[in-house]
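protein.csv (CSV, C-alpha atoms) appears below.
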```csv
chain,number,residue,atom,x,y,z
A,122,MET,CA,0.0,0.0,0.0
A,123,LYS,CA,1.3,3.4,-0.9
A,124,LYS,CA,1.8,6.0,1.8
A,125,LYS,CA,-0.8,8.4,0.4
A,126,GLU,CA,-3.3,5.6,0.3
A,127,ALA,CA,-2.6,4.8,4.0
A,128,VAL,CA,-3.0,8.5,4.8
A,129,PHE,CA,-6.3,8.8,2.8
A,130,ILE,CA,-7.8,5.7,4.4
A,131,GLY,CA,-6.6,6.6,7.9
A,132,ALA,CA,-7.9,10.2,7.6
A,133,LEU,CA,-11.3,9.0,6.3
A,134,LEU,CA,-11.6,6.5,9.1
A,135,VAL,CA,-10.7,9.1,11.8
A,136,ILE,CA,-13.2,11.7,10.3
A,137,SER,CA,-16.0,9.2,10.0
A,138,VAL,CA,-15.5,7.8,13.6
A,139,VAL,CA,-15.4,11.4,15.0
A,140,LEU,CA,-18.6,12.2,13.1
A,141,CYS,CA,-20.2,8.9,14.4
A,142,ILE,CA,-19.3,9.9,18.0
A,143,PHE,CA,-20.7,13.4,17.5
A,144,VAL,CA,-23.9,12.2,15.9
A,145,TYR,CA,-24.7,9.0,17.8
A,146,VAL,CA,-23.0,9.2,21.2
A,147,VAL,CA,-23.2,12.9,22.2
A,148,PRO,CA,-26.8,13.5,23.5
A,149,HIS,CA,-28.8,16.1,21.6
A,150,GLY,CA,-31.5,16.8,24.1
A,151,THR,CA,-34.7,14.9,24.8
A,152,HIS,CA,-37.1,13.7,22.2
A,153,GLY,CA,-40.7,13.2,23.3
A,154,SER,CA,-42.5,13.0,20.0
A,155,ILE,CA,-42.3,11.7,16.5
A,156,GLN,CA,-43.0,13.4,13.2
A,157,ILE,CA,-44.2,11.3,10.2
A,158,THR,CA,-43.8,12.7,6.7
A,159,VAL,CA,-44.9,11.1,3.5
A,160,ASP,CA,-43.3,12.3,0.3
A,161,GLY,CA,-41.9,15.3,2.2
A,162,GLU,CA,-45.3,16.4,3.5
A,163,LEU,CA,-46.2,16.3,7.1
A,164,TYR,CA,-48.5,13.4,7.9
A,165,GLY,CA,-48.8,13.9,11.6
A,166,THR,CA,-47.0,14.5,14.9
A,167,TYR,CA,-47.5,11.9,17.7
A,168,SER,CA,-46.4,11.8,21.3
A,169,LEU,CA,-44.2,8.9,22.4
A,170,ASP,CA,-45.9,8.9,25.8
A,171,GLU,CA,-49.0,7.3,24.5
A,172,ASP,CA,-49.1,3.7,23.2
A,173,GLN,CA,-50.8,3.6,19.8
A,174,VAL,CA,-50.9,2.1,16.3
A,175,ILE,CA,-50.7,4.6,13.5
A,176,GLN,CA,-51.8,3.8,10.0
A,177,ILE,CA,-49.7,5.8,7.5
A,178,GLY,CA,-51.6,6.1,4.3
A,179,ASP,CA,-52.4,2.8,2.6
A,180,THR,CA,-48.8,1.7,2.7
A,181,ASN,CA,-47.3,1.5,6.2
A,182,VAL,CA,-48.3,0.9,9.8
A,183,CYS,CA,-46.1,2.0,12.8
A,184,GLU,CA,-46.6,1.3,16.5
A,185,ILE,CA,-45.7,3.4,19.5
A,186,LYS,CA,-45.0,1.3,22.5
A,187,ASP,CA,-43.1,1.9,25.8
A,188,GLY,CA,-41.9,5.3,24.5
A,189,GLU,CA,-40.5,3.9,21.3
A,190,VAL,CA,-41.8,3.8,17.7
A,191,LYS,CA,-41.3,0.9,15.3
A,192,MET,CA,-42.5,0.3,11.8
A,193,THR,CA,-44.7,-2.8,11.9
A,194,GLU,CA,-46.2,-3.2,8.4
A,195,ALA,CA,-45.2,-2.0,5.0
A,196,ASP,CA,-46.2,-3.1,1.5
A,197,CYS,CA,-42.8,-2.7,-0.1
A,198,PRO,CA,-40.8,-5.7,-1.2
A,199,ASP,CA,-37.7,-5.3,1.0
A,200,HIS,CA,-39.3,-4.5,4.4
A,201,LEU,CA,-36.1,-2.7,5.4
A,202,CYS,CA,-38.1,-0.2,7.4
A,203,ILE,CA,-39.5,-2.9,9.6
A,204,LYS,CA,-36.0,-4.2,10.3
A,205,GLN,CA,-34.8,-0.8,11.4
A,206,PRO,CA,-34.4,-0.4,15.2
A,207,ALA,CA,-37.0,1.4,17.2
A,208,VAL,CA,-36.7,5.1,17.6
A,209,GLY,CA,-37.2,6.4,21.1
A,210,SER,CA,-36.2,9.3,23.3
A,211,ALA,CA,-32.7,9.4,21.7
A,212,GLY,CA,-34.1,10.5,18.4
A,213,GLY,CA,-33.3,9.2,14.9
A,214,TYR,CA,-35.1,8.1,11.8
A,215,ILE,CA,-37.0,5.2,10.4
A,216,VAL,CA,-37.2,5.4,6.6
A,217,CYS,CA,-39.2,3.5,4.1
A,218,LEU,CA,-37.6,4.5,0.8
A,219,PRO,CA,-40.0,2.8,-1.6
A,220,ASN,CA,-43.0,4.5,0.0
A,221,ARG,CA,-41.1,7.7,0.9
A,222,VAL,CA,-42.3,7.5,4.5
A,223,VAL,CA,-40.0,9.1,7.1
A,224,ILE,CA,-40.5,8.8,10.9
A,225,GLN,CA,-38.4,11.2,12.8
A,226,GLY,CA,-37.8,11.5,16.5
A,227,GLU,CA,-38.4,15.2,17.4
A,228,GLY,CA,-37.2,17.5,20.1
A,229,ASP,CA,-39.7,17.7,23.0
A,230,SER,CA,-40.4,21.4,23.5
A,231,ASP,CA,-42.9,20.8,26.3
A,232,SER,CA,-40.8,18.9,28.7
A,233,GLN,CA,-39.5,20.8,31.7
A,234,GLY,CA,-35.8,21.2,32.4
A,235,SER,CA,-34.8,19.9,29.0
A,236,ASP,CA,-31.7,21.5,27.5
A,237,GLY,CA,-32.8,20.7,23.9
A,238,GLY,CA,-35.0,23.7,23.3
A,239,PHE,CA,-34.0,26.9,21.7
A,240,ASP,CA,-36.0,29.2,24.0
A,241,ALA,CA,-33.0,31.2,25.2
A,242,VAL,CA,-31.5,31.9,21.8
A,243,VAL,CA,-31.9,35.5,20.6
B,71,MET,CA,-18.8,9.4,-28.0
B,72,VAL,CA,-18.2,5.7,-28.0
B,73,ASP,CA,-19.1,3.9,-31.2
B,74,LEU,CA,-20.7,0.8,-29.7
B,75,THR,CA,-20.6,-1.5,-32.7
B,76,GLN,CA,-17.0,-0.6,-33.4
B,77,TRP,CA,-16.2,-1.1,-29.7
B,78,CYS,CA,-18.0,-4.5,-29.5
B,79,ARG,CA,-16.2,-5.7,-32.7
B,80,SER,CA,-12.9,-4.7,-31.2
B,81,MET,CA,-13.4,-6.8,-28.1
B,82,ASP,CA,-11.5,-10.1,-28.2
B,83,GLN,CA,-13.1,-13.3,-27.2
B,84,LYS,CA,-11.3,-13.6,-23.8
B,85,LYS,CA,-12.4,-10.1,-22.9
B,86,THR,CA,-16.0,-10.9,-23.9
B,87,ALA,CA,-15.9,-14.1,-21.8
B,88,TYR,CA,-14.5,-12.2,-18.8
B,89,LEU,CA,-17.0,-9.4,-18.9
B,90,GLY,CA,-19.9,-11.9,-19.1
B,91,LEU,CA,-18.4,-14.0,-16.3
B,92,PHE,CA,-17.9,-11.0,-14.0
B,93,ALA,CA,-21.3,-9.6,-14.8
B,94,ALA,CA,-22.7,-13.0,-13.8
B,95,ILE,CA,-20.6,-13.0,-10.6
B,96,ALA,CA,-21.7,-9.5,-9.7
B,97,ILE,CA,-25.4,-10.6,-10.1
B,98,ILE,CA,-24.9,-13.6,-7.9
B,99,PHE,CA,-23.1,-11.5,-5.3
B,100,GLY,CA,-26.0,-9.1,-5.4
B,101,TYR,CA,-28.4,-12.0,-4.8
B,102,VAL,CA,-26.3,-13.3,-1.9
B,103,GLU,CA,-26.3,-9.8,-0.4
B,104,SER,CA,-30.0,-9.5,-0.6
B,105,LEU,CA,-30.2,-12.6,1.6
B,106,ILE,CA,-28.0,-11.1,4.3
B,107,PRO,CA,-30.1,-8.9,6.7
B,108,PHE,CA,-28.5,-5.5,6.7
B,109,PHE,CA,-26.4,-4.3,9.6
B,110,ALA,CA,-27.3,-2.1,12.5
B,111,GLY,CA,-30.5,-0.9,11.1
B,112,ILE,CA,-28.9,1.5,8.6
B,113,PRO,CA,-30.5,1.4,5.2
B,114,GLY,CA,-27.9,1.1,2.4
B,115,MET,CA,-25.2,-0.5,4.6
B,116,LYS,CA,-23.9,-3.6,3.0
B,117,LEU,CA,-20.8,-5.5,2.1
B,118,GLY,CA,-20.6,-4.4,-1.5
B,119,LEU,CA,-19.5,-7.8,-2.8
B,120,ALA,CA,-20.6,-6.9,-6.3
B,121,ASN,CA,-17.9,-4.2,-6.3
B,122,LEU,CA,-15.4,-6.9,-6.4
B,123,ALA,CA,-16.4,-7.8,-9.9
B,124,VAL,CA,-16.4,-4.1,-10.9
B,125,LEU,CA,-13.0,-3.5,-9.4
B,126,PHE,CA,-11.5,-6.5,-11.2
B,127,VAL,CA,-12.8,-5.3,-14.5
B,128,LEU,CA,-11.7,-1.7,-13.8
B,129,GLU,CA,-8.1,-3.0,-13.0
B,130,ARG,CA,-8.0,-5.3,-16.0
B,131,TYR,CA,-9.6,-3.1,-18.6
B,132,THR,CA,-11.0,0.5,-18.6
B,133,TRP,CA,-13.8,2.4,-16.9
B,134,LYS,CA,-16.0,1.7,-20.0
B,135,GLU,CA,-16.0,-2.1,-19.4
B,136,ALA,CA,-16.5,-1.5,-15.6
B,137,ALA,CA,-19.4,0.8,-16.3
B,138,LEU,CA,-21.0,-1.8,-18.6
B,139,VAL,CA,-20.7,-4.6,-16.0
B,140,SER,CA,-22.0,-2.3,-13.4
B,141,VAL,CA,-25.1,-1.2,-15.3
B,142,VAL,CA,-25.9,-4.8,-16.5
B,143,ARG,CA,-25.6,-5.9,-12.8
B,144,ILE,CA,-27.8,-3.1,-11.5
B,145,PHE,CA,-30.7,-3.6,-13.9
B,146,ILE,CA,-30.7,-7.4,-13.7
B,147,ILE,CA,-30.5,-7.4,-9.9
B,148,GLY,CA,-33.1,-4.6,-9.7
B,149,PHE,CA,-35.6,-6.4,-11.9
B,150,MET,CA,-35.1,-9.8,-10.2
B,151,PHE,CA,-34.9,-8.9,-6.6
B,152,GLY,CA,-35.6,-5.2,-6.2
B,153,SER,CA,-37.9,-2.5,-7.4
B,154,GLY,CA,-37.7,0.6,-9.5
B,155,SER,CA,-36.6,2.7,-6.6
B,156,SER,CA,-33.8,0.2,-5.7
B,157,ILE,CA,-32.5,0.5,-9.3
B,158,MET,CA,-32.5,4.3,-8.8
B,159,TYR,CA,-30.4,4.1,-5.6
B,160,SER,CA,-28.0,1.6,-7.0
B,161,LEU,CA,-27.4,3.6,-10.2
B,162,ALA,CA,-26.7,6.7,-8.1
B,163,GLY,CA,-24.3,4.9,-5.9
B,164,ALA,CA,-22.6,3.0,-8.7
B,165,THR,CA,-22.2,6.1,-10.9
B,166,LEU,CA,-20.6,8.3,-8.2
B,167,SER,CA,-18.5,5.3,-7.0
B,168,LEU,CA,-17.2,4.6,-10.5
B,169,ILE,CA,-16.4,8.3,-11.2
B,170,VAL,CA,-14.5,8.6,-7.8
B,171,MET,CA,-12.7,5.3,-8.4
B,172,VAL,CA,-11.5,6.2,-11.9
B,173,PHE,CA,-10.4,9.6,-10.6
B,174,VAL,CA,-8.3,8.3,-7.7
B,175,LYS,CA,-6.9,5.4,-9.8
B,176,ASN,CA,-5.8,7.5,-12.8
B,177,LYS,CA,-5.2,11.0,-11.3
B,178,VAL,CA,-4.1,10.2,-7.8
B,179,ASP,CA,-2.5,6.9,-8.6
B,180,PHE,CA,-4.0,4.9,-5.8
B,181,GLY,CA,-3.6,1.1,-5.6
B,182,HIS,CA,-6.4,-1.5,-5.1
B,183,LEU,CA,-7.0,-0.7,-1.4
B,184,GLY,CA,-7.3,3.1,-1.9
B,185,VAL,CA,-9.5,2.7,-5.0
B,186,SER,CA,-11.8,0.2,-3.2
B,187,VAL,CA,-12.2,2.3,-0.1
B,188,ALA,CA,-12.9,5.5,-2.1
B,189,GLY,CA,-15.4,3.5,-4.1
B,190,GLY,CA,-17.1,2.0,-1.0
B,191,VAL,CA,-17.5,5.4,0.7
B,192,SER,CA,-18.7,7.2,-2.4
B,193,HIS,CA,-21.2,4.4,-3.3
B,194,ASN,CA,-22.8,4.9,0.1
B,195,ILE,CA,-22.8,8.7,-0.2
B,196,GLY,CA,-24.2,8.5,-3.7
B,197,GLN,CA,-27.2,6.5,-2.5
B,198,LEU,CA,-27.7,8.8,0.4
B,199,LEU,CA,-27.7,11.9,-1.9
B,200,VAL,CA,-30.6,10.3,-3.9
B,201,ALA,CA,-32.5,9.4,-0.7
B,202,ILE,CA,-32.5,13.0,0.5
B,203,PRO,CA,-34.6,14.5,-2.4
B,204,ALA,CA,-36.7,11.3,-2.6
B,205,THR,CA,-37.8,11.7,1.0
B,206,HIS,CA,-37.4,15.5,1.2
B,207,THR,CA,-35.5,15.0,4.4
B,208,ILE,CA,-32.1,16.7,4.6
B,209,GLY,CA,-31.6,15.3,8.1
B,210,LEU,CA,-30.9,11.9,6.7
B,211,LEU,CA,-27.4,13.1,5.6
B,212,TYR,CA,-26.6,14.1,9.1
B,213,TYR,CA,-27.9,11.0,10.7
B,214,TYR,CA,-26.8,8.3,8.3
B,215,ALA,CA,-23.6,9.7,6.7
B,216,PRO,CA,-21.2,8.9,9.6
B,217,ALA,CA,-22.3,5.3,9.8
B,218,LEU,CA,-22.3,4.8,6.1
B,219,MET,CA,-18.8,6.3,5.9
B,220,VAL,CA,-17.4,4.0,8.5
B,221,SER,CA,-19.0,1.0,6.8
B,222,GLY,CA,-17.7,2.2,3.4
B,223,VAL,CA,-14.1,2.3,4.7
B,224,VAL,CA,-14.3,-1.1,6.4
B,225,THR,CA,-16.1,-2.9,3.5
B,226,GLY,CA,-13.9,-1.1,1.0
B,227,LEU,CA,-10.7,-2.4,2.7
B,228,LEU,CA,-12.2,-5.9,2.7
B,229,ILE,CA,-13.2,-5.8,-0.9
B,230,GLY,CA,-9.8,-4.2,-1.8
B,231,VAL,CA,-7.9,-7.1,-0.2
B,232,LEU,CA,-10.1,-9.6,-2.0
B,233,THR,CA,-9.7,-7.9,-5.3
B,234,LYS,CA,-6.0,-8.0,-5.0
B,235,GLU,CA,-6.0,-11.7,-4.3
B,236,VAL,CA,-8.4,-12.4,-7.2
B,237,LEU,CA,-6.3,-10.3,-9.6
B,238,LYS,CA,-3.2,-12.3,-8.5
B,239,ARG,CA,-4.8,-15.6,-9.2
B,240,ILE,CA,-6.7,-15.0,-12.4
B,241,PRO,CA,-4.4,-14.5,-15.4
```
Represent the structure of the file as C-alpha coordinates.
Amino acid sequence: MKKKEAVFIGALLVISVVLCIFVYVVPHGTHGSIQITVDGELYGTYSLDEDQVIQIGDTNVCEIKDGEVKMTEADCPDHLCIKQPAVGSAGGYIVCLPNRVVIQGEGDSDSQGSDGGFDAVV
Amino acid sequence: MVDLTQWCRSMDQKKTAYLGLFAAIAIIFGYVESLIPFFAGIPGMKLGLANLAVLFVLERYTWKEAALVSVVRIFIIGFMFGSGSSIMYSLAGATLSLIVMVFVKNKVDFGHLGVSVAGGVSHNIGQLLVAIPATHTIGLLYYYAPALMVSGVVTGLLIGVLTKEVLKRIP
(Lines of atoms letter the chains of each structure in order from A and count residues from 1; the text may use other names and numbers.)
(Lines give C-alpha, C1' and ligand atoms only; values in the text may rest on other atoms or scores of the structure.)
Protein backbone atom coordinates (compact mmCIF):
# COMPACT_ATOMS: atom_id res chain seq x y z
CA MET A 1 0.00 0.00 0.00
CA LYS A 2 1.30 3.43 -0.92
CA LYS A 3 1.82 6.03 1.76
CA LYS A 4 -0.79 8.42 0.37
CA GLU A 5 -3.32 5.60 0.32
CA ALA A 6 -2.65 4.84 3.97
CA VAL A 7 -3.01 8.54 4.81
CA PHE A 8 -6.25 8.76 2.82
CA ILE A 9 -7.78 5.67 4.41
CA GLY A 10 -6.61 6.63 7.89
CA ALA A 11 -7.93 10.19 7.59
CA LEU A 12 -11.27 8.97 6.25
CA LEU A 13 -11.61 6.51 9.11
CA VAL A 14 -10.74 9.12 11.75
CA ILE A 15 -13.16 11.70 10.28
CA SER A 16 -16.01 9.20 10.05
CA VAL A 17 -15.46 7.84 13.56
CA VAL A 18 -15.40 11.39 14.98
CA LEU A 19 -18.63 12.15 13.07
CA CYS A 20 -20.16 8.94 14.44
CA ILE A 21 -19.31 9.89 18.01
CA PHE A 22 -20.70 13.37 17.52
CA VAL A 23 -23.95 12.20 15.92
CA TYR A 24 -24.71 8.97 17.80
CA VAL A 25 -23.02 9.22 21.20
CA VAL A 26 -23.23 12.89 22.19
CA PRO A 27 -26.77 13.51 23.46
CA HIS A 28 -28.80 16.10 21.57
CA GLY A 29 -31.51 16.83 24.10
CA THR A 30 -34.66 14.87 24.80
CA HIS A 31 -37.11 13.65 22.24
CA GLY A 32 -40.69 13.21 23.29
CA SER A 33 -42.54 12.97 20.02
CA ILE A 34 -42.27 11.69 16.49
CA GLN A 35 -43.04 13.37 13.22
CA ILE A 36 -44.20 11.35 10.23
CA THR A 37 -43.76 12.69 6.71
CA VAL A 38 -44.91 11.09 3.48
CA ASP A 39 -43.27 12.31 0.28
CA GLY A 40 -41.91 15.30 2.17
CA GLU A 41 -45.30 16.40 3.45
CA LEU A 42 -46.16 16.32 7.13
CA TYR A 43 -48.52 13.43 7.86
CA GLY A 44 -48.77 13.91 11.60
CA THR A 45 -46.99 14.45 14.90
CA TYR A 46 -47.50 11.92 17.67
CA SER A 47 -46.43 11.77 21.30
CA LEU A 48 -44.22 8.90 22.38
CA ASP A 49 -45.90 8.86 25.82
CA GLU A 50 -49.05 7.29 24.48
CA ASP A 51 -49.07 3.71 23.16
CA GLN A 52 -50.82 3.65 19.80
CA VAL A 53 -50.89 2.10 16.34
CA ILE A 54 -50.68 4.61 13.49
CA GLN A 55 -51.82 3.82 9.96
CA ILE A 56 -49.68 5.81 7.51
CA GLY A 57 -51.61 6.14 4.26
CA ASP A 58 -52.35 2.79 2.63
CA THR A 59 -48.76 1.65 2.70
CA ASN A 60 -47.28 1.55 6.20
CA VAL A 61 -48.25 0.95 9.82
CA CYS A 62 -46.14 1.96 12.78
CA GLU A 63 -46.64 1.35 16.47
CA ILE A 64 -45.69 3.42 19.49
CA LYS A 65 -45.04 1.26 22.53
CA ASP A 66 -43.13 1.95 25.76
CA GLY A 67 -41.87 5.30 24.49
CA GLU A 68 -40.47 3.88 21.25
CA VAL A 69 -41.79 3.77 17.71
CA LYS A 70 -41.32 0.91 15.31
CA MET A 71 -42.54 0.27 11.78
CA THR A 72 -44.71 -2.84 11.93
CA GLU A 73 -46.16 -3.15 8.44
CA ALA A 74 -45.15 -2.05 4.95
CA ASP A 75 -46.23 -3.13 1.49
CA CYS A 76 -42.80 -2.66 -0.08
CA PRO A 77 -40.82 -5.71 -1.22
CA ASP A 78 -37.74 -5.34 0.95
CA HIS A 79 -39.28 -4.46 4.36
CA LEU A 80 -36.11 -2.68 5.37
CA CYS A 81 -38.07 -0.16 7.41
CA ILE A 82 -39.50 -2.93 9.59
CA LYS A 83 -36.01 -4.20 10.32
CA GLN A 84 -34.78 -0.77 11.40
CA PRO A 85 -34.36 -0.37 15.16
CA ALA A 86 -37.02 1.37 17.21
CA VAL A 87 -36.72 5.13 17.59
CA GLY A 88 -37.17 6.37 21.14
CA SER A 89 -36.17 9.30 23.29
CA ALA A 90 -32.68 9.42 21.74
CA GLY A 91 -34.11 10.50 18.38
CA GLY A 92 -33.30 9.19 14.94
CA TYR A 93 -35.07 8.10 11.80
CA ILE A 94 -37.02 5.19 10.40
CA VAL A 95 -37.16 5.44 6.63
CA CYS A 96 -39.22 3.48 4.11
CA LEU A 97 -37.61 4.51 0.84
CA PRO A 98 -40.01 2.80 -1.61
CA ASN A 99 -43.04 4.52 -0.03
CA ARG A 100 -41.12 7.69 0.90
CA VAL A 101 -42.27 7.51 4.48
CA VAL A 102 -40.01 9.08 7.11
CA ILE A 103 -40.54 8.79 10.85
CA GLN A 104 -38.38 11.25 12.75
CA GLY A 105 -37.79 11.53 16.49
CA GLU A 106 -38.36 15.16 17.39
CA GLY A 107 -37.18 17.51 20.11
CA ASP A 108 -39.65 17.74 22.98
CA SER A 109 -40.38 21.40 23.52
CA ASP A 110 -42.93 20.80 26.27
CA SER A 111 -40.82 18.91 28.75
CA GLN A 112 -39.52 20.85 31.72
CA GLY A 113 -35.82 21.18 32.37
CA SER A 114 -34.75 19.85 29.01
CA ASP A 115 -31.73 21.52 27.47
CA GLY A 116 -32.78 20.66 23.94
CA GLY A 117 -34.96 23.72 23.33
CA PHE A 118 -33.96 26.94 21.69
CA ASP A 119 -35.96 29.20 24.04
CA ALA A 120 -32.97 31.19 25.23
CA VAL A 121 -31.49 31.89 21.83
CA VAL A 122 -31.95 35.48 20.64
CA MET B 1 -18.83 9.41 -28.00
CA VAL B 2 -18.23 5.69 -28.00
CA ASP B 3 -19.11 3.87 -31.19
CA LEU B 4 -20.73 0.79 -29.65
CA THR B 5 -20.64 -1.45 -32.73
CA GLN B 6 -17.02 -0.65 -33.40
CA TRP B 7 -16.22 -1.13 -29.74
CA CYS B 8 -17.97 -4.52 -29.53
CA ARG B 9 -16.21 -5.73 -32.67
CA SER B 10 -12.86 -4.73 -31.21
CA MET B 11 -13.43 -6.85 -28.11
CA ASP B 12 -11.49 -10.05 -28.23
CA GLN B 13 -13.05 -13.31 -27.17
CA LYS B 14 -11.27 -13.58 -23.84
CA LYS B 15 -12.44 -10.15 -22.87
CA THR B 16 -16.01 -10.92 -23.92
CA ALA B 17 -15.94 -14.07 -21.80
CA TYR B 18 -14.46 -12.22 -18.80
CA LEU B 19 -17.01 -9.42 -18.94
CA GLY B 20 -19.88 -11.91 -19.13
CA LEU B 21 -18.38 -13.96 -16.33
CA PHE B 22 -17.87 -10.99 -14.04
CA ALA B 23 -21.30 -9.56 -14.78
CA ALA B 24 -22.72 -12.97 -13.75
CA ILE B 25 -20.58 -13.04 -10.60
CA ALA B 26 -21.71 -9.50 -9.72
CA ILE B 27 -25.35 -10.57 -10.13
CA ILE B 28 -24.87 -13.62 -7.90
CA PHE B 29 -23.12 -11.49 -5.27
CA GLY B 30 -26.03 -9.08 -5.42
CA TYR B 31 -28.42 -11.97 -4.78
CA VAL B 32 -26.31 -13.31 -1.90
CA GLU B 33 -26.28 -9.85 -0.37
CA SER B 34 -30.04 -9.55 -0.63
CA LEU B 35 -30.23 -12.64 1.62
CA ILE B 36 -28.03 -11.12 4.34
CA PRO B 37 -30.05 -8.90 6.67
CA PHE B 38 -28.52 -5.46 6.72
CA PHE B 39 -26.40 -4.31 9.61
CA ALA B 40 -27.25 -2.07 12.54
CA GLY B 41 -30.52 -0.88 11.05
CA ILE B 42 -28.85 1.52 8.62
CA PRO B 43 -30.45 1.41 5.16
CA GLY B 44 -27.87 1.12 2.41
CA MET B 45 -25.23 -0.47 4.62
CA LYS B 46 -23.94 -3.63 2.98
CA LEU B 47 -20.80 -5.53 2.11
CA GLY B 48 -20.59 -4.39 -1.49
CA LEU B 49 -19.46 -7.78 -2.75
CA ALA B 50 -20.58 -6.89 -6.26
CA ASN B 51 -17.94 -4.17 -6.30
CA LEU B 52 -15.36 -6.95 -6.36
CA ALA B 53 -16.35 -7.75 -9.93
CA VAL B 54 -16.43 -4.08 -10.94
CA LEU B 55 -13.00 -3.46 -9.38
CA PHE B 56 -11.54 -6.47 -11.16
CA VAL B 57 -12.82 -5.28 -14.53
CA LEU B 58 -11.65 -1.73 -13.79
CA GLU B 59 -8.14 -2.95 -13.00
CA ARG B 60 -7.99 -5.33 -15.98
CA TYR B 61 -9.65 -3.12 -18.59
CA THR B 62 -10.96 0.47 -18.56
CA TRP B 63 -13.79 2.42 -16.95
CA LYS B 64 -16.02 1.69 -19.96
CA GLU B 65 -15.98 -2.06 -19.36
CA ALA B 66 -16.45 -1.49 -15.61
CA ALA B 67 -19.44 0.77 -16.29
CA LEU B 68 -20.95 -1.84 -18.63
CA VAL B 69 -20.67 -4.62 -16.04
CA SER B 70 -22.01 -2.29 -13.35
CA VAL B 71 -25.07 -1.21 -15.34
CA VAL B 72 -25.91 -4.77 -16.46
CA ARG B 73 -25.64 -5.92 -12.84
CA ILE B 74 -27.84 -3.14 -11.46
CA PHE B 75 -30.66 -3.63 -13.94
CA ILE B 76 -30.71 -7.42 -13.66
CA ILE B 77 -30.53 -7.44 -9.85
CA GLY B 78 -33.07 -4.63 -9.74
CA PHE B 79 -35.60 -6.44 -11.93
CA MET B 80 -35.12 -9.80 -10.25
CA PHE B 81 -34.90 -8.93 -6.56
CA GLY B 82 -35.60 -5.22 -6.19
CA SER B 83 -37.87 -2.50 -7.40
CA GLY B 84 -37.73 0.65 -9.51
CA SER B 85 -36.56 2.68 -6.56
CA SER B 86 -33.80 0.23 -5.68
CA ILE B 87 -32.48 0.54 -9.25
CA MET B 88 -32.45 4.31 -8.84
CA TYR B 89 -30.42 4.15 -5.60
CA SER B 90 -28.02 1.56 -6.98
CA LEU B 91 -27.43 3.59 -10.15
CA ALA B 92 -26.71 6.72 -8.14
CA GLY B 93 -24.30 4.87 -5.86
CA ALA B 94 -22.57 3.03 -8.69
CA THR B 95 -22.21 6.14 -10.87
CA LEU B 96 -20.63 8.28 -8.15
CA SER B 97 -18.52 5.33 -7.02
CA LEU B 98 -17.16 4.64 -10.51
CA ILE B 99 -16.38 8.32 -11.15
CA VAL B 100 -14.50 8.58 -7.85
CA MET B 101 -12.69 5.26 -8.36
CA VAL B 102 -11.54 6.18 -11.87
CA PHE B 103 -10.40 9.57 -10.59
CA VAL B 104 -8.32 8.26 -7.69
CA LYS B 105 -6.93 5.42 -9.82
CA ASN B 106 -5.83 7.54 -12.78
CA LYS B 107 -5.23 11.00 -11.32
CA VAL B 108 -4.09 10.23 -7.77
CA ASP B 109 -2.48 6.90 -8.64
CA PHE B 110 -4.02 4.85 -5.83
CA GLY B 111 -3.60 1.08 -5.57
CA HIS B 112 -6.39 -1.46 -5.11
CA LEU B 113 -7.01 -0.69 -1.45
CA GLY B 114 -7.32 3.06 -1.89
CA VAL B 115 -9.53 2.71 -4.97
CA SER B 116 -11.76 0.21 -3.20
CA VAL B 117 -12.16 2.33 -0.05
CA ALA B 118 -12.88 5.46 -2.10
CA GLY B 119 -15.42 3.45 -4.11
CA GLY B 120 -17.12 2.01 -1.03
CA VAL B 121 -17.53 5.36 0.69
CA SER B 122 -18.66 7.20 -2.44
CA HIS B 123 -21.18 4.44 -3.27
CA ASN B 124 -22.84 4.92 0.11
CA ILE B 125 -22.76 8.71 -0.17
CA GLY B 126 -24.24 8.54 -3.69
CA GLN B 127 -27.19 6.47 -2.47
CA LEU B 128 -27.72 8.83 0.42
CA LEU B 129 -27.68 11.87 -1.89
CA VAL B 130 -30.59 10.35 -3.85
CA ALA B 131 -32.49 9.38 -0.69
CA ILE B 132 -32.54 13.02 0.47
CA PRO B 133 -34.60 14.46 -2.44
CA ALA B 134 -36.70 11.26 -2.56
CA THR B 135 -37.82 11.71 1.04
CA HIS B 136 -37.37 15.51 1.20
CA THR B 137 -35.48 14.97 4.43
CA ILE B 138 -32.11 16.67 4.61
CA GLY B 139 -31.56 15.32 8.14
CA LEU B 140 -30.87 11.88 6.67
CA LEU B 141 -27.44 13.11 5.58
CA TYR B 142 -26.56 14.15 9.09
CA TYR B 143 -27.94 11.02 10.72
CA TYR B 144 -26.76 8.32 8.28
CA ALA B 145 -23.60 9.71 6.67
CA PRO B 146 -21.21 8.93 9.57
CA ALA B 147 -22.28 5.28 9.85
CA LEU B 148 -22.28 4.83 6.09
CA MET B 149 -18.80 6.35 5.86
CA VAL B 150 -17.39 3.99 8.48
CA SER B 151 -19.02 1.01 6.78
CA GLY B 152 -17.74 2.21 3.39
CA VAL B 153 -14.15 2.33 4.68
CA VAL B 154 -14.33 -1.08 6.37
CA THR B 155 -16.06 -2.94 3.55
CA GLY B 156 -13.89 -1.07 1.02
CA LEU B 157 -10.74 -2.39 2.72
CA LEU B 158 -12.17 -5.91 2.75
CA ILE B 159 -13.18 -5.84 -0.92
CA GLY B 160 -9.85 -4.23 -1.84
CA VAL B 161 -7.88 -7.07 -0.24
CA LEU B 162 -10.12 -9.63 -1.95
CA THR B 163 -9.73 -7.95 -5.35
CA LYS B 164 -5.97 -7.96 -5.00
CA GLU B 165 -5.96 -11.69 -4.30
CA VAL B 166 -8.35 -12.43 -7.17
CA LEU B 167 -6.27 -10.34 -9.60
CA LYS B 168 -3.17 -12.25 -8.54
CA ARG B 169 -4.82 -15.61 -9.21
CA ILE B 170 -6.72 -14.96 -12.44
CA PRO B 171 -4.38 -14.48 -15.43
Residues of chain B were defined as contacting chain A if any atom lay at most 10 Å from it, counting all atoms listed in the file; please report them as a ChimeraX atom specification.
/B:104,107-114,151-156,159,174,178-185,187-188,191,201-207,209-210,212-224,226-227
From atom CA of B:Leu117 to atom CA of B:Gly190 the spacing works out at 8.9 Å
Could you check which of A:Gln156, A:Val147, A:Gly226, A:Tyr164 is closest to A:Glu189, using all atoms listed in the file?
A:Gly226
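Coordinates place atom CA of B:Ala164 at a distance of 17.0 Å from atom CA of B:Leu89.
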Expressed in Å, the length from atom CA of B:Leu138 to atom CA of B:Lys177 is 21.6 Å
Anything within 8 Å of (-49.8, 2.2, 13.0): list those residues as a ChimeraX atom specification, counting all atoms listed in the file and sticking to the file's coordinates.
/A:173-177,181-185,192-194
Need to verify the contact set: A:Thr180, 6 Å, only C-alpha atoms, exclusion of same-chain residues closer than 2 positions in sequence. Can you return it as a ChimeraX atom specification?
/A:178,195-196
